[in-house]
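**Student:** Mind looking over this structure? Questions follow.
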Amino acid sequence: MAAQRVVIGVDSSTQSTKALAVDIDSGAVVGEGRAAHAVSEGAGRESDPDQWWRALEEAAARTGWAGRAAAVSIAGQQHGLVTLDAAGAPVRPALLWNDVRSAPQAAGLRAAFGPAEIVRRTGSLPTAAFTAAKWSWLRTHEPAAADRAAAVRLPHDFLTERLTGEAVTDRGDASGTGWWGPDGYDGDILDRIGLDPALLPRVLAPGTRAGAVRAGTVLRQGVPVATGTGDNMAAALGLGLRPGQPVLSLGTSGTVYAVARSRPMDPSGTVAGFADALGGWLPLACTLNCTLAVDRFAALLGRGRDEVEDGGSAVVLPYLDGERTPDLPGASGLVHGLRHDTTPGQLLQAAYDGAAHALLTALDDVLRAGGGDLADDEPLLLIGGGARGRAWQRTVLRLSGRAVRIPHARELVALGAAAQAAALVTGEPADAVARRWRTAEGPVLEPVARDEAALERIGDTLRRAGALQGAPVEER
């Protein structure tokens, strides 16, 4: 009998590292490991990159396959700014995607180039989340740290380099920096923010081997390592997405995206025109406040996550960490429309509605930016930590008016990384590997009538609350 062929896919996310050992031929998960991360609280959101490395080794070891895997790949949270000194050690904690202190620097970039021009160059209108804004913030507020930086990396770049010794990245994750476009790194943008391109990793072609595991790690020396990618790109791979299939991901952040054949460009900033991890594109809209924000409202109300009630007139904008879609980095949570008869369950349902509203409103924009349309009978793929929550499912059904499919497969980011690793072994495209593994299969929830009244109530509150939240909100 032939020996079992297994690869390891790693998801280094905001809160933890997950590692899956996956059978190349069947797609069966044969081992799992997890290790937590610490994230700072207060004005910023920071994390120690060295703990990511320790968590990766711990999670990989717990799969039981670290010494036997045929290939490895790492996917990581997008946008994070990792600065390394000449010895490869972190200069300071990494600035994470959900650190909104860099909002003024993002606004400065938009003003310097103009929305249409910067979107033409990079595909996206930079917000506080983007790495370019974070480097500019560091240059302004911690110039000594910026001067010490001998290398600038994204989270997945940092881990891949620790594993292989190679300073490389991929086009998918690079497209979320704000300084990369189809022609490579943008010299004018790098000049504007004071970043030497020599500090940046080499962008590998899709499907390229990044290197091999070097000595001294928990993984077997010499094992090939794939390029890796950003978390959203990896999840798209993990689902084996075809162009036009829409995804709504419910995690710490909320995202809606679809694979596109044509390059997306949205000067309004609603849709980020990311590249995918293959040769296509991944138009995406993202909110900062999703499952954690709703859980916080549940805790404040003393309710369980699913203890919601229908009815009521309340609107909740759960912008507990500022917001990215709409672009209101200085916003805070807002509750509007309370009455004597408003119940805690109705208020919790309003928090779910507010969190889902921006993503579902942006769905048509995402598909339009990628040159595609959603067929009426195409289910919305619901993934992420919230996807199996009854209240989340009912909310998405009610506000979208569409059928919803819940894939059986879990940990899709790690599965996408595993598909990249398997592709190195088999020679297939990574998305074809995932389709062979049938990762997107799962039950379909039938559509219900779209709740137009709730959508209008939330939209009206957003329009009128713009000044209170720190910026005007355009009518849609």
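Labels for the structure tokens follow display order: chains A, B, ..., residues from 1 in each chain, ligands from 1.
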Would you pick out the contacts of stretch 70-86 of chain A at 7 Å or less, using only C-alpha atoms, so that residues sharing its chain but fewer than 2 positions from it are not included, and give the list as a ChimeraX atom specification?
**Tutor:** /A:5-14,68,88-92,94-97,129-131,134,148-156,160,173,176-177,223-231,234,413-414,417-418,420-422
**Student:** With a distance cut-off of 9 Å and only C-alpha atoms, select the neighbouring residues of stretch 112-114 of chain A, excluding the residue or stretch itself and same-chain residues fewer than 5 positions from it, and output the selection as JSON, numbers by chain.
**Tutor:** {"A": [107, 119, 189, 192]}
**Student:** Restrict the selected residues to N, CA and C atoms and save them as a PDB file, in the first residue's frame.
**Tutor:**
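Here's the written file out-v8.pdb:
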ATOM      1  N   ALA A 107      -5.873  59.055   4.828  1.00  0.00           N
ATOM      2  CA  ALA A 107      -6.493  60.227   4.210  1.00  0.00           C
ATOM      3  C   ALA A 107      -5.467  61.056   3.455  1.00  0.00           C
ATOM      4  N   VAL A 119      -6.492  54.332  -6.959  1.00  0.00           N
ATOM      5  CA  VAL A 119      -7.179  53.081  -7.281  1.00  0.00           C
ATOM      6  C   VAL A 119      -6.657  52.509  -8.596  1.00  0.00           C
ATOM      7  N   ILE A 189       4.349  55.815  -4.731  1.00  0.00           N
ATOM      8  CA  ILE A 189       3.705  55.664  -3.424  1.00  0.00           C
ATOM      9  C   ILE A 189       4.748  55.389  -2.348  1.00  0.00           C
ATOM     10  N   ARG A 192       6.404  58.554  -1.452  1.00  0.00           N
ATOM     11  CA  ARG A 192       5.503  59.411  -0.671  1.00  0.00           C
ATOM     12  C   ARG A 192       5.510  59.037   0.811  1.00  0.00           C
TER      13      ARG A 192
END
**Student:** As a PyMOL selection string, which residues of stretch 193-322 of chain A does DSSP assign to strand (DSSP E or B)?
**Tutor:** chain A and resi 202-204+209-212+224-226+229-230+247-250+254-257+260+272-275+281-287+315-317+320+322
**Student:** If we count only C-alpha atoms and set the cut-off at 7 Å, which residues sit around A:Gly416, ignoring sequence neighbours fewer than 6 positions away in its own chain? Please answer as a list in words.
**Tutor:**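 Returned residues: Ala234, Ala235, Leu237 and Gly238 of chain A.
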**Student:** Run DSSP on the backbone and give me the residues of stretch 220-396 of chain A it puts in alpha helix (DSSP H), as a VMD selection string.
**Tutor:** chain A and resid 231 to 239 291 to 301 344 to 369 390 to 396
**Student:** Each residue of stretch 423-456 of chain A with at least one atom at most 10 Å from stretch 301-324 of chain A should appear once, together with its nearest atom pair and the corresponding distance in Å (one decimal); atoms considered: only C-alpha atoms; ordering: chain, then increasing residue number; output as a Markdown table.
**Tutor:**
| residue | atom | partner | partner_atom | distance |
| --- | --- | --- | --- | --- |
| A:Ala453 | CA | A:Ser313 | CA | 9.9 |
| A:Ala454 | CA | A:Val315 | CA | 8.5 |
| A:Leu455 | CA | A:Val315 | CA | 10.0 |
**Student:** Using only C-alpha atoms, please write the residues we just selected to a file, as a compact mmCIF listing (two decimals), in the first residue's frame.
**Tutor:**
# COMPACT_ATOMS: atom_id res chain seq x y z
CA ALA A 453 -38.08 47.81 6.12
CA ALA A 454 -35.09 46.90 8.28
CA LEU A 455 -32.64 47.74 5.48
**Student:** With only C-alpha atoms as the counted atoms, please give the residues lying no more than 12 Å from A:Met265, apart from itself and same-chain residues fewer than 4 positions off, as number ranges by chain.
**Tutor:** A: 115-125, 181, 260, 269-275, 281-284, 365-371
**Student:** Could you write out that same residue set with N, CA, C and O atoms as a compact mmCIF listing (two decimals), in the first residue's frame?
**Tutor:**
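Dumped everything to result36.txt:
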# COMPACT_ATOMS: atom_id res chain seq x y z
N PRO A 115 -8.47 59.88 -5.38
CA PRO A 115 -9.04 58.52 -5.32
C PRO A 115 -8.90 57.74 -6.61
O PRO A 115 -8.50 56.58 -6.60
N ALA A 116 -9.24 58.37 -7.74
CA ALA A 116 -9.21 57.64 -9.01
C ALA A 116 -7.80 57.17 -9.36
O ALA A 116 -7.61 56.03 -9.82
N GLU A 117 -6.80 58.02 -9.12
CA GLU A 117 -5.42 57.68 -9.49
C GLU A 117 -4.86 56.59 -8.59
O GLU A 117 -4.21 55.64 -9.07
N ILE A 118 -5.10 56.68 -7.29
CA ILE A 118 -4.52 55.66 -6.41
C ILE A 118 -5.20 54.32 -6.62
O ILE A 118 -4.56 53.26 -6.53
N VAL A 119 -6.49 54.33 -6.96
CA VAL A 119 -7.18 53.08 -7.28
C VAL A 119 -6.66 52.51 -8.60
O VAL A 119 -6.49 51.30 -8.74
N ARG A 120 -6.36 53.38 -9.57
CA ARG A 120 -5.79 52.90 -10.83
C ARG A 120 -4.44 52.22 -10.58
O ARG A 120 -4.13 51.20 -11.19
N ARG A 121 -3.67 52.77 -9.66
CA ARG A 121 -2.34 52.23 -9.40
C ARG A 121 -2.39 50.92 -8.60
O ARG A 121 -1.66 49.97 -8.90
N THR A 122 -3.21 50.90 -7.55
CA THR A 122 -3.15 49.79 -6.58
C THR A 122 -4.42 48.94 -6.54
O THR A 122 -4.41 47.89 -5.90
N GLY A 123 -5.50 49.39 -7.19
CA GLY A 123 -6.74 48.64 -7.17
C GLY A 123 -7.66 48.98 -6.03
O GLY A 123 -8.84 48.60 -6.04
N SER A 124 -7.17 49.69 -5.01
CA SER A 124 -7.97 49.96 -3.82
C SER A 124 -7.75 51.37 -3.33
O SER A 124 -6.67 51.95 -3.49
N LEU A 125 -8.78 51.92 -2.69
CA LEU A 125 -8.66 53.20 -2.00
C LEU A 125 -8.18 52.91 -0.58
O LEU A 125 -8.86 52.23 0.18
N GLY A 181 0.80 47.07 -7.30
CA GLY A 181 -0.18 46.98 -8.37
C GLY A 181 0.26 45.93 -9.37
O GLY A 181 1.30 45.26 -9.17
N ALA A 260 -12.90 37.16 -9.52
CA ALA A 260 -13.26 37.89 -10.74
C ALA A 260 -12.21 37.66 -11.81
O ALA A 260 -11.03 37.47 -11.51
N GLY A 269 -14.21 53.40 -2.88
CA GLY A 269 -13.56 52.77 -1.74
C GLY A 269 -14.36 51.67 -1.09
O GLY A 269 -13.85 50.99 -0.18
N THR A 270 -15.60 51.45 -1.50
CA THR A 270 -16.38 50.37 -0.90
C THR A 270 -15.73 49.03 -1.17
O THR A 270 -15.63 48.17 -0.28
N VAL A 271 -15.27 48.82 -2.41
CA VAL A 271 -14.70 47.54 -2.82
C VAL A 271 -13.19 47.67 -2.95
O VAL A 271 -12.69 48.56 -3.65
N ALA A 272 -12.47 46.79 -2.25
CA ALA A 272 -11.02 46.71 -2.41
C ALA A 272 -10.72 45.80 -3.59
O ALA A 272 -11.24 44.68 -3.66
N GLY A 273 -9.87 46.26 -4.50
CA GLY A 273 -9.57 45.49 -5.70
C GLY A 273 -8.37 44.61 -5.51
O GLY A 273 -7.33 44.79 -6.15
N PHE A 274 -8.49 43.61 -4.65
CA PHE A 274 -7.36 42.73 -4.36
C PHE A 274 -7.11 41.75 -5.51
O PHE A 274 -8.02 41.40 -6.27
N ALA A 275 -5.88 41.29 -5.60
CA ALA A 275 -5.55 40.14 -6.43
C ALA A 275 -5.87 38.88 -5.65
O ALA A 275 -5.91 38.89 -4.42
N TRP A 281 -8.51 37.90 -9.68
CA TRP A 281 -8.74 39.03 -8.80
C TRP A 281 -9.78 38.67 -7.75
O TRP A 281 -10.55 37.72 -7.92
N LEU A 282 -9.79 39.44 -6.66
CA LEU A 282 -10.68 39.14 -5.54
C LEU A 282 -11.30 40.43 -5.01
O LEU A 282 -10.90 40.93 -3.95
N PRO A 283 -12.27 41.02 -5.75
CA PRO A 283 -12.95 42.20 -5.21
C PRO A 283 -13.59 41.87 -3.88
O PRO A 283 -14.25 40.83 -3.74
N LEU A 284 -13.39 42.77 -2.90
CA LEU A 284 -13.76 42.44 -1.52
C LEU A 284 -14.19 43.69 -0.78
O LEU A 284 -13.59 44.76 -0.94
N ASP A 365 -21.96 45.68 -5.32
CA ASP A 365 -20.76 46.44 -5.71
C ASP A 365 -19.58 45.51 -5.96
O ASP A 365 -18.80 45.71 -6.89
N VAL A 366 -19.42 44.51 -5.11
CA VAL A 366 -18.32 43.55 -5.25
C VAL A 366 -18.41 42.83 -6.58
O VAL A 366 -17.43 42.72 -7.33
N LEU A 367 -19.59 42.33 -6.91
CA LEU A 367 -19.76 41.59 -8.15
C LEU A 367 -19.62 42.49 -9.37
O LEU A 367 -19.03 42.12 -10.38
N ARG A 368 -20.15 43.71 -9.25
CA ARG A 368 -20.07 44.65 -10.37
C ARG A 368 -18.61 45.05 -10.62
O ARG A 368 -18.17 45.16 -11.76
N ALA A 369 -17.85 45.25 -9.54
CA ALA A 369 -16.44 45.66 -9.69
C ALA A 369 -15.62 44.59 -10.38
O ALA A 369 -14.63 44.88 -11.05
N GLY A 370 -16.03 43.32 -10.23
CA GLY A 370 -15.32 42.24 -10.87
C GLY A 370 -15.87 41.86 -12.22
O GLY A 370 -15.46 40.84 -12.80
N GLY A 371 -16.82 42.63 -12.73
CA GLY A 371 -17.36 42.37 -14.05
C GLY A 371 -18.32 41.21 -14.11
O GLY A 371 -18.58 40.64 -15.17
**Student:** Identify, on the basis of only C-alpha atoms, every residue whose closest approach to A:Ser249 does not exceed 9 Å; exclude the query and any residue fewer than 4 positions from it along the same chain; express the result as a list in words.
**Tutor:** Asn232, Ser253, Gly254, Thr255, Val256, Tyr257, Leu381, Leu382, Ile383, Gly384, Gly385, Gly386 and Ala387 of chain A
**Student:** Given the choices A:Val396, A:Arg220, A:Ala167, A:Leu462, which gets closest to A:His336 if the distance is worked out from only C-alpha atoms?
**Tutor:**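 Looking at the shortest contact to A:His336, the residue is A:Leu462.
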